Structures are given as C-alpha cells and as structure tokens.
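Enquirer: My structure is stored as coords-v3.tsv, with TSV, N, CA and C atoms.
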```
chain	number	residue	atom	x	y	z
A	817	MET	N	-47.11	58.44	9.96
A	817	MET	CA	-48.38	57.75	9.95
A	817	MET	C	-48.22	56.32	10.43
A	818	VAL	N	-47.11	55.68	10.08
A	818	VAL	CA	-46.91	54.31	10.52
A	818	VAL	C	-46.91	54.21	12.03
A	819	GLY	N	-46.23	55.15	12.72
A	819	GLY	CA	-46.20	55.14	14.17
A	819	GLY	C	-47.58	55.32	14.76
A	820	ALA	N	-48.36	56.22	14.18
A	820	ALA	CA	-49.73	56.44	14.67
A	820	ALA	C	-50.57	55.19	14.49
A	821	MET	N	-50.37	54.50	13.38
A	821	MET	CA	-51.14	53.28	13.13
A	821	MET	C	-50.74	52.19	14.11
A	822	ALA	N	-49.48	52.13	14.45
A	822	ALA	CA	-49.01	51.09	15.36
A	822	ALA	C	-49.57	51.30	16.76
A	823	ASP	N	-49.82	52.57	17.14
A	823	ASP	CA	-50.34	52.86	18.46
A	823	ASP	C	-51.85	52.67	18.56
A	824	ALA	N	-52.54	52.70	17.44
A	824	ALA	CA	-54.00	52.56	17.44
A	824	ALA	C	-54.40	51.14	17.82
A	825	LYS	N	-55.54	51.04	18.51
A	825	LYS	CA	-56.00	49.70	18.87
A	825	LYS	C	-56.46	48.97	17.62
A	826	GLU	N	-56.40	47.68	17.67
A	826	GLU	CA	-56.84	46.85	16.55
A	826	GLU	C	-58.34	47.06	16.34
A	827	ARG	N	-58.72	47.38	15.12
A	827	ARG	CA	-60.12	47.60	14.80
A	827	ARG	C	-60.54	46.63	13.72
A	828	VAL	N	-61.81	46.31	13.67
A	828	VAL	CA	-62.31	45.32	12.72
A	828	VAL	C	-63.29	45.98	11.76
A	829	LEU	N	-63.03	45.82	10.47
A	829	LEU	CA	-63.94	46.25	9.42
A	829	LEU	C	-64.79	45.06	9.03
A	830	TRP	N	-66.10	45.23	9.03
A	830	TRP	CA	-66.97	44.13	8.65
A	830	TRP	C	-68.22	44.67	8.00
A	831	HIS	N	-69.05	43.77	7.50
A	831	HIS	CA	-70.26	44.14	6.78
A	831	HIS	C	-71.46	43.42	7.37
A	832	GLN	N	-72.65	43.97	7.10
A	832	GLN	CA	-73.87	43.39	7.64
A	832	GLN	C	-75.00	43.69	6.65
A	833	SER	N	-75.82	42.68	6.39
A	833	SER	CA	-76.97	42.90	5.52
A	833	SER	C	-78.11	43.52	6.32
A	834	GLY	N	-79.00	44.20	5.62
A	834	GLY	CA	-80.13	44.81	6.30
A	834	GLY	C	-81.28	45.03	5.34
A	835	VAL	N	-82.42	45.36	5.91
A	835	VAL	CA	-83.60	45.71	5.14
A	835	VAL	C	-84.36	46.76	5.94
A	836	ASN	N	-84.84	47.79	5.26
A	836	ASN	CA	-85.56	48.83	5.99
A	836	ASN	C	-87.06	48.49	6.06
A	837	LYS	N	-87.84	49.35	6.70
A	837	LYS	CA	-89.26	49.06	6.92
A	837	LYS	C	-90.07	49.06	5.63
A	838	TYR	N	-89.48	49.55	4.53
A	838	TYR	CA	-90.14	49.53	3.24
A	838	TYR	C	-89.76	48.31	2.40
A	839	GLY	N	-88.97	47.43	2.98
A	839	GLY	CA	-88.53	46.22	2.28
A	839	GLY	C	-87.35	46.43	1.36
A	840	GLU	N	-86.65	47.57	1.49
A	840	GLU	CA	-85.50	47.85	0.64
A	840	GLU	C	-84.23	47.29	1.29
A	841	ALA	N	-83.50	46.53	0.50
A	841	ALA	CA	-82.27	45.89	0.99
A	841	ALA	C	-81.13	46.90	1.04
A	842	PHE	N	-80.22	46.68	1.99
A	842	PHE	CA	-79.01	47.49	2.06
A	842	PHE	C	-77.92	46.66	2.73
A	843	VAL	N	-76.69	47.15	2.60
A	843	VAL	CA	-75.53	46.55	3.25
A	843	VAL	C	-74.85	47.66	4.04
A	844	GLN	N	-74.52	47.37	5.28
A	844	GLN	CA	-73.79	48.33	6.11
A	844	GLN	C	-72.34	47.91	6.21
A	845	LEU	N	-71.44	48.87	6.16
A	845	LEU	CA	-70.05	48.64	6.49
A	845	LEU	C	-69.83	49.23	7.87
A	846	LEU	N	-69.15	48.49	8.72
A	846	LEU	CA	-68.92	48.92	10.10
A	846	LEU	C	-67.46	48.80	10.44
A	847	ILE	N	-67.00	49.65	11.34
A	847	ILE	CA	-65.71	49.48	12.01
A	847	ILE	C	-66.08	49.24	13.47
A	848	ASP	N	-65.72	48.07	13.95
A	848	ASP	CA	-66.17	47.61	15.26
A	848	ASP	C	-67.70	47.68	15.27
A	849	ASP	N	-68.30	48.48	16.13
A	849	ASP	CA	-69.76	48.57	16.15
A	849	ASP	C	-70.28	49.88	15.58
A	850	GLU	N	-69.41	50.65	14.91
A	850	GLU	CA	-69.79	51.94	14.33
A	850	GLU	C	-70.10	51.79	12.84
A	851	VAL	N	-71.33	52.12	12.44
A	851	VAL	CA	-71.70	52.09	11.03
A	851	VAL	C	-70.99	53.23	10.33
A	852	ILE	N	-70.23	52.89	9.28
A	852	ILE	CA	-69.52	53.94	8.54
A	852	ILE	C	-70.21	54.29	7.23
A	853	CYS	N	-71.03	53.35	6.71
A	853	CYS	CA	-71.83	53.69	5.53
A	853	CYS	C	-72.87	52.61	5.29
A	854	GLN	N	-73.90	52.99	4.54
A	854	GLN	CA	-74.90	52.04	4.07
A	854	GLN	C	-74.91	52.12	2.55
A	855	LEU	N	-74.95	50.96	1.93
A	855	LEU	CA	-74.90	50.86	0.48
A	855	LEU	C	-76.11	50.10	-0.03
A	856	SER	N	-76.57	50.46	-1.21
A	856	SER	CA	-77.58	49.64	-1.88
A	856	SER	C	-76.90	48.34	-2.31
A	857	PRO	N	-77.66	47.30	-2.62
A	857	PRO	CA	-77.01	46.08	-3.10
A	857	PRO	C	-76.12	46.33	-4.33
A	858	GLU	N	-76.55	47.21	-5.23
A	858	GLU	CA	-75.75	47.51	-6.42
A	858	GLU	C	-74.44	48.19	-6.03
A	859	GLU	N	-74.53	49.15	-5.10
A	859	GLU	CA	-73.31	49.82	-4.64
A	859	GLU	C	-72.39	48.86	-3.91
A	860	ALA	N	-72.96	47.96	-3.12
A	860	ALA	CA	-72.15	46.98	-2.39
A	860	ALA	C	-71.44	46.04	-3.35
A	861	ARG	N	-72.14	45.60	-4.39
A	861	ARG	CA	-71.50	44.74	-5.40
A	861	ARG	C	-70.36	45.49	-6.10
A	862	ASP	N	-70.58	46.74	-6.43
A	862	ASP	CA	-69.56	47.55	-7.08
A	862	ASP	C	-68.36	47.72	-6.14
A	863	HIS	N	-68.64	47.97	-4.87
A	863	HIS	CA	-67.58	48.11	-3.87
A	863	HIS	C	-66.77	46.81	-3.76
A	864	ALA	N	-67.47	45.68	-3.70
A	864	ALA	CA	-66.79	44.38	-3.61
A	864	ALA	C	-65.91	44.14	-4.84
A	865	LYS	N	-66.42	44.48	-6.02
A	865	LYS	CA	-65.64	44.34	-7.26
A	865	LYS	C	-64.40	45.22	-7.19
A	866	ASN	N	-64.56	46.44	-6.68
A	866	ASN	CA	-63.41	47.35	-6.58
A	866	ASN	C	-62.37	46.84	-5.59
A	867	ILE	N	-62.81	46.21	-4.51
A	867	ILE	CA	-61.86	45.61	-3.56
A	867	ILE	C	-61.09	44.48	-4.24
A	868	LEU	N	-61.79	43.65	-5.02
A	868	LEU	CA	-61.10	42.57	-5.73
A	868	LEU	C	-60.10	43.14	-6.74
A	869	GLU	N	-60.47	44.22	-7.44
A	869	GLU	CA	-59.55	44.84	-8.38
A	869	GLU	C	-58.34	45.43	-7.66
A	870	ALA	N	-58.56	46.04	-6.51
A	870	ALA	CA	-57.44	46.59	-5.73
A	870	ALA	C	-56.53	45.47	-5.23
A	871	THR	N	-57.14	44.35	-4.86
A	871	THR	CA	-56.34	43.19	-4.42
A	871	THR	C	-55.44	42.72	-5.55
A	872	GLU	N	-56.00	42.58	-6.75
A	872	GLU	CA	-55.20	42.17	-7.90
A	872	GLU	C	-54.11	43.19	-8.19
A	873	ALA	N	-54.47	44.47	-8.14
A	873	ALA	CA	-53.48	45.53	-8.40
A	873	ALA	C	-52.35	45.49	-7.38
A	874	SER	N	-52.67	45.20	-6.11
A	874	SER	CA	-51.61	45.15	-5.09
A	874	SER	C	-50.63	44.02	-5.39
A	875	GLU	N	-51.15	42.89	-5.87
A	875	GLU	CA	-50.25	41.78	-6.23
A	875	GLU	C	-49.42	42.12	-7.46
A	876	GLN	N	-50.01	42.83	-8.41
A	876	GLN	CA	-49.25	43.29	-9.58
A	876	GLN	C	-48.14	44.25	-9.14
A	877	ASP	N	-48.48	45.17	-8.24
A	877	ASP	CA	-47.48	46.12	-7.74
A	877	ASP	C	-46.33	45.39	-7.04
A	878	ALA	N	-46.68	44.40	-6.23
A	878	ALA	CA	-45.65	43.63	-5.52
A	878	ALA	C	-44.75	42.90	-6.51
A	879	PHE	N	-45.36	42.31	-7.54
A	879	PHE	CA	-44.56	41.64	-8.57
A	879	PHE	C	-43.63	42.63	-9.25
A	880	MET	N	-44.18	43.78	-9.65
A	880	MET	CA	-43.39	44.77	-10.37
A	880	MET	C	-42.20	45.24	-9.53
A	881	LEU	N	-42.44	45.54	-8.25
A	881	LEU	CA	-41.36	46.00	-7.37
A	881	LEU	C	-40.28	44.92	-7.24
A	882	ASP	N	-40.70	43.68	-7.01
A	882	ASP	CA	-39.76	42.56	-6.87
A	882	ASP	C	-38.99	42.33	-8.16
A	883	PHE	N	-39.70	42.29	-9.28
A	883	PHE	CA	-39.09	42.03	-10.58
A	883	PHE	C	-38.06	43.11	-10.94
A	884	MET	N	-38.43	44.36	-10.73
A	884	MET	CA	-37.53	45.46	-11.09
A	884	MET	C	-36.26	45.45	-10.25
A	885	GLN	N	-36.35	44.98	-9.02
A	885	GLN	CA	-35.16	44.90	-8.17
A	885	GLN	C	-34.34	43.65	-8.49
A	886	LYS	N	-34.98	42.49	-8.50
A	886	LYS	CA	-34.24	41.23	-8.61
A	886	LYS	C	-33.84	40.86	-10.03
A	887	LYS	N	-34.68	41.16	-11.01
A	887	LYS	CA	-34.38	40.75	-12.39
A	887	LYS	C	-33.76	41.86	-13.21
A	888	VAL	N	-34.18	43.08	-12.96
A	888	VAL	CA	-33.66	44.21	-13.75
A	888	VAL	C	-32.49	44.88	-13.05
A	889	GLY	N	-32.44	44.77	-11.72
A	889	GLY	CA	-31.32	45.31	-10.97
A	889	GLY	C	-31.47	46.76	-10.53
A	890	LEU	N	-32.70	47.25	-10.49
A	890	LEU	CA	-32.91	48.63	-10.03
A	890	LEU	C	-32.84	48.70	-8.51
A	891	ASP	N	-32.43	49.87	-8.00
A	891	ASP	CA	-32.50	50.06	-6.55
A	891	ASP	C	-33.96	50.27	-6.16
A	892	VAL	N	-34.24	50.28	-4.86
A	892	VAL	CA	-35.63	50.37	-4.38
A	892	VAL	C	-36.33	51.61	-4.91
A	893	GLN	N	-35.67	52.77	-4.86
A	893	GLN	CA	-36.32	54.01	-5.30
A	893	GLN	C	-36.70	53.96	-6.77
A	894	ARG	N	-35.79	53.49	-7.60
A	894	ARG	CA	-36.09	53.41	-9.05
A	894	ARG	C	-37.15	52.35	-9.32
A	895	ALA	N	-37.10	51.24	-8.59
A	895	ALA	CA	-38.12	50.20	-8.76
A	895	ALA	C	-39.50	50.71	-8.35
A	896	MET	N	-39.54	51.51	-7.28
A	896	MET	CA	-40.81	52.11	-6.86
A	896	MET	C	-41.33	53.07	-7.91
A	897	GLN	N	-40.44	53.83	-8.53
A	897	GLN	CA	-40.87	54.77	-9.56
A	897	GLN	C	-41.46	54.03	-10.76
A	898	VAL	N	-40.85	52.91	-11.15
A	898	VAL	CA	-41.41	52.11	-12.24
A	898	VAL	C	-42.79	51.59	-11.84
A	899	THR	N	-42.94	51.18	-10.59
A	899	THR	CA	-44.23	50.70	-10.12
A	899	THR	C	-45.27	51.81	-10.14
A	900	VAL	N	-44.88	53.03	-9.74
A	900	VAL	CA	-45.80	54.18	-9.82
A	900	VAL	C	-46.19	54.43	-11.28
A	901	ASP	N	-45.22	54.36	-12.18
A	901	ASP	CA	-45.51	54.53	-13.61
A	901	ASP	C	-46.47	53.46	-14.09
A	902	PHE	N	-46.28	52.22	-13.62
A	902	PHE	CA	-47.18	51.13	-13.98
A	902	PHE	C	-48.59	51.41	-13.47
A	903	ARG	N	-48.71	51.94	-12.25
A	903	ARG	CA	-50.02	52.30	-11.70
A	903	ARG	C	-50.70	53.35	-12.60
A	904	HIS	N	-49.94	54.34	-13.02
A	904	HIS	CA	-50.51	55.38	-13.89
A	904	HIS	C	-51.00	54.75	-15.20
A	905	TYR	N	-50.22	53.83	-15.73
A	905	TYR	CA	-50.64	53.12	-16.94
A	905	TYR	C	-51.94	52.36	-16.69
A	906	ARG	N	-52.00	51.63	-15.58
A	906	ARG	CA	-53.20	50.85	-15.24
A	906	ARG	C	-54.40	51.79	-15.09
A	907	GLU	N	-54.20	52.92	-14.43
A	907	GLU	CA	-55.28	53.88	-14.23
A	907	GLU	C	-55.75	54.47	-15.56
A	908	SER	N	-54.83	54.70	-16.48
A	908	SER	CA	-55.21	55.27	-17.78
A	908	SER	C	-56.05	54.30	-18.59
A	909	ARG	N	-56.06	53.05	-18.19
A	909	ARG	CA	-56.81	52.03	-18.91
A	909	ARG	C	-58.13	51.71	-18.22
A	910	GLY	N	-58.56	52.57	-17.25
A	910	GLY	CA	-59.90	52.43	-16.74
A	910	GLY	C	-60.07	52.08	-15.28
A	911	LYS	N	-59.00	52.09	-14.47
A	911	LYS	CA	-59.16	51.82	-13.04
A	911	LYS	C	-60.08	52.87	-12.44
A	912	LYS	N	-61.03	52.42	-11.63
A	912	LYS	CA	-61.93	53.36	-10.96
A	912	LYS	C	-61.27	53.89	-9.70
A	913	GLY	N	-61.79	55.01	-9.23
A	913	GLY	CA	-61.32	55.53	-7.97
A	913	GLY	C	-60.30	56.63	-8.16
A	914	PRO	N	-59.78	57.11	-7.03
A	914	PRO	CA	-58.82	58.22	-7.11
A	914	PRO	C	-57.49	57.74	-7.68
A	915	PRO	N	-56.71	58.66	-8.23
A	915	PRO	CA	-55.40	58.27	-8.75
A	915	PRO	C	-54.48	57.82	-7.63
A	916	SER	N	-53.52	56.99	-7.99
A	916	SER	CA	-52.55	56.50	-7.02
A	916	SER	C	-51.71	57.64	-6.48
A	917	ASP	N	-51.18	57.41	-5.31
A	917	ASP	CA	-50.35	58.38	-4.64
A	917	ASP	C	-49.08	57.66	-4.21
A	918	ALA	N	-47.93	58.24	-4.48
A	918	ALA	CA	-46.66	57.59	-4.13
A	918	ALA	C	-46.57	57.27	-2.64
A	919	ARG	N	-47.31	58.01	-1.80
A	919	ARG	CA	-47.30	57.74	-0.36
A	919	ARG	C	-47.92	56.39	-0.03
A	920	GLU	N	-48.58	55.76	-1.02
A	920	GLU	CA	-49.17	54.44	-0.79
A	920	GLU	C	-48.09	53.38	-0.59
A	921	PHE	N	-46.84	53.76	-0.77
A	921	PHE	CA	-45.76	52.81	-0.54
A	921	PHE	C	-45.40	52.73	0.93
A	922	VAL	N	-46.17	53.40	1.78
A	922	VAL	CA	-45.95	53.30	3.23
A	922	VAL	C	-46.08	51.83	3.61
A	923	ARG	N	-45.12	51.36	4.36
A	923	ARG	CA	-45.12	49.96	4.78
A	923	ARG	C	-45.38	49.90	6.27
A	924	THR	N	-46.20	48.93	6.66
A	924	THR	CA	-46.49	48.77	8.08
A	924	THR	C	-45.97	47.42	8.54
A	925	ASP	N	-45.65	47.33	9.81
A	925	ASP	CA	-45.19	46.06	10.36
A	925	ASP	C	-46.24	44.98	10.19
A	926	LYS	N	-47.50	45.36	10.24
A	926	LYS	CA	-48.59	44.40	10.16
A	926	LYS	C	-48.55	43.62	8.84
A	927	HIS	N	-48.10	44.26	7.78
A	927	HIS	CA	-48.12	43.62	6.46
A	927	HIS	C	-46.73	43.26	5.97
A	928	GLU	N	-45.78	43.25	6.86
A	928	GLU	CA	-44.41	42.98	6.47
A	928	GLU	C	-43.93	41.67	7.06
A	929	LYS	N	-43.33	40.85	6.23
A	929	LYS	CA	-42.75	39.59	6.69
A	929	LYS	C	-41.30	39.83	7.11
A	930	PRO	N	-40.85	39.11	8.12
A	930	PRO	CA	-39.43	39.25	8.48
A	930	PRO	C	-38.55	38.76	7.33
A	931	PRO	N	-37.32	39.29	7.21
A	931	PRO	CA	-36.45	38.93	6.09
A	931	PRO	C	-36.28	37.41	5.92
A	932	GLU	N	-36.22	36.67	7.02
A	932	GLU	CA	-36.02	35.21	6.89
A	932	GLU	C	-37.24	34.51	6.29
A	933	ALA	N	-38.40	35.16	6.29
A	933	ALA	CA	-39.62	34.56	5.74
A	933	ALA	C	-39.81	34.91	4.27
A	934	GLN	N	-38.95	35.76	3.72
A	934	GLN	CA	-39.06	36.16	2.32
A	934	GLN	C	-38.65	34.99	1.42
A	935	PRO	N	-39.38	34.80	0.32
A	935	PRO	CA	-39.03	33.71	-0.63
A	935	PRO	C	-37.73	33.95	-1.35
```
Would you encode the structure as structure tokens?
Expert:
Amino acid sequence: MVGAMADAKERVLWHQSGVNKYGEAFVQLLIDDEVICQLSPEEARDHAKNILEATEASEQDAFMLDFMQKKVGLDVQRAMQVTVDFRHYRESRGKKGPPSDAREFVRTDKHEKPPEAQP
C-alpha cells in the first residue's frame, strides 16, 4: 500500500460550507473538486471532534512507541504490540469509530522524518 500511495498524485482534502434552497445548512467534504460527502452542521461538528480525538490519540501512540523503546527497552515489534494494547484500552473507554487495526502502523515517507531530524 505504501508504494501505491507514493505513486498517487497529491490530492487535497478540504471542506466547504453550503446552504440548500430550503435554507438548510450543510458542510461538504471534498477531495480536490470531487464532493465525497455532505454533512449537517451537527455531523460536521462531530466529525471535527473525532478528528481532534484521533490527532490526540496519534500523539499518544507516538509517545507510547517511543517510551517503550527508549525507556523500557523493548524492540520495535514488542513496543508496537504494547501500543496496540493501549489502543484497545483507549477504545474500551469510549473511543468512537471502528476498532484499531495493527496495519495502521504502516509508515509513509510523507510522514517520516529523516533519522538526523529525530529528537
């Protein structure tokens, strides 16, 4: 999947406000110029909250992976397993959405810093 993603052209995800002829508000999500969904304002707010929660969770996952390797001394595979266990714990406490999948550890060049840039 990483190779396929690297070959794909750069695409932009963005949002746009709208109102229909009945005066009902909506928000569209688009990829480039293609509308991928329309949401009510309530759904859009919920979606935005879920993105913020996923952002926080990604930083927690990054901390856990780093901590388990550098402070506890686990190898990458064992540190990833602890992070997966932590995700399951987080999900059991009310995370919305589908359960985590270990394949989410796929790393792309786009989101990877070169070793010399690591803290």
Enquirer: Just checking: using all atoms listed in the file, which residue out of A:Leu829, A:Val892, A:Ala878, A:Ala841 ends up closest to Leu855 in chain A?
Expert: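 Selected residue with least distance to Leu855 in chain A: A:Ala841.
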Enquirer: What gap, in Å, lies between atom C of Val843 in chain A and atom C of Lys865 in chain A?
Expert: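 Taking atom C of Val843 in chain A and atom C of Lys865 in chain A, their separation equals 15.5 Å.
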Enquirer: Excluding range 894-900 of chain A and residues on its chain fewer than 4 positions from it, collect all residues at most 7 Å away from it, counting all atoms listed in the file, and give them as an mmCIF file with N, CA and C atoms, in the frame of the given file.
Expert:
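selection.cif written:
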```
data_model
loop_
_atom_site.group_PDB
_atom_site.id
_atom_site.type_symbol
_atom_site.label_atom_id
_atom_site.label_comp_id
_atom_site.auth_asym_id
_atom_site.auth_seq_id
_atom_site.Cartn_x
_atom_site.Cartn_y
_atom_site.Cartn_z
ATOM 1 N N ASP A 877 -48.480 45.170 -8.240
ATOM 2 C CA ASP A 877 -47.480 46.120 -7.740
ATOM 3 C C ASP A 877 -46.330 45.390 -7.040
ATOM 4 N N MET A 880 -44.180 43.780 -9.650
ATOM 5 C CA MET A 880 -43.390 44.770 -10.370
ATOM 6 C C MET A 880 -42.200 45.240 -9.530
ATOM 7 N N LEU A 881 -42.440 45.540 -8.250
ATOM 8 C CA LEU A 881 -41.360 46.000 -7.370
ATOM 9 C C LEU A 881 -40.280 44.920 -7.240
ATOM 10 N N MET A 884 -38.430 44.360 -10.730
ATOM 11 C CA MET A 884 -37.530 45.460 -11.090
ATOM 12 C C MET A 884 -36.260 45.450 -10.250
ATOM 13 N N GLN A 885 -36.350 44.980 -9.020
ATOM 14 C CA GLN A 885 -35.160 44.900 -8.170
ATOM 15 C C GLN A 885 -34.340 43.650 -8.490
ATOM 16 N N LEU A 890 -32.700 47.250 -10.490
ATOM 17 C CA LEU A 890 -32.910 48.630 -10.030
ATOM 18 C C LEU A 890 -32.840 48.700 -8.510
ATOM 19 N N HIS A 904 -49.940 54.340 -13.020
ATOM 20 C CA HIS A 904 -50.510 55.380 -13.890
ATOM 21 C C HIS A 904 -51.000 54.750 -15.200
ATOM 22 N N TYR A 905 -50.220 53.830 -15.730
ATOM 23 C CA TYR A 905 -50.640 53.120 -16.940
ATOM 24 C C TYR A 905 -51.940 52.360 -16.690
ATOM 25 N N ALA A 918 -47.930 58.240 -4.480
ATOM 26 C CA ALA A 918 -46.660 57.590 -4.130
ATOM 27 C C ALA A 918 -46.570 57.270 -2.640
#
```
Enquirer: Suppose you want the space between atom C of Ser833 in chain A and atom N of Leu845 in chain A; what is it in Å?
Expert: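 Straight-line distance from atom C of Ser833 in chain A to atom N of Leu845 in chain A works out to 8.6 Å.
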Enquirer: Atom C of Lys887 in chain A and atom N of Leu868 in chain A are how many Å apart?
Expert: 29.3 Å
Enquirer: If DSSP is run on the backbone, what residues of range 874-917 of chain A are helix (DSSP H, G or I)? A reply as a PyMOL selection string would be ideal.
Expert: chain A and resi 874-886+892-908
Enquirer: May I ask which of the residues A:Ala864, A:Asp848, A:Gln854, A:Val888 is the closest one to Glu826 in chain A, counting all atoms listed in the file?
Expert: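 Checking each of A:Ala864, A:Asp848, A:Gln854, A:Val888 against Glu826 in chain A, counting all atoms listed in the file, the winner is A:Asp848.
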Enquirer: Taking only C-alpha atoms into account, which of A:Ser908, A:Ser874, A:Asn866, A:Gln832 comes nearest Cys853 in chain A?
Expert: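 Counting only C-alpha atoms, the residue closest to Cys853 in chain A is A:Gln832.
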Enquirer: Quick one: of A:Lys886, A:Lys837, A:Arg827, A:Arg906, who's nearest to Glu872 in chain A, counting only C-alpha atoms?
Expert: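 Using only C-alpha atoms, the shortest distance to Glu872 in chain A belongs to A:Arg906.
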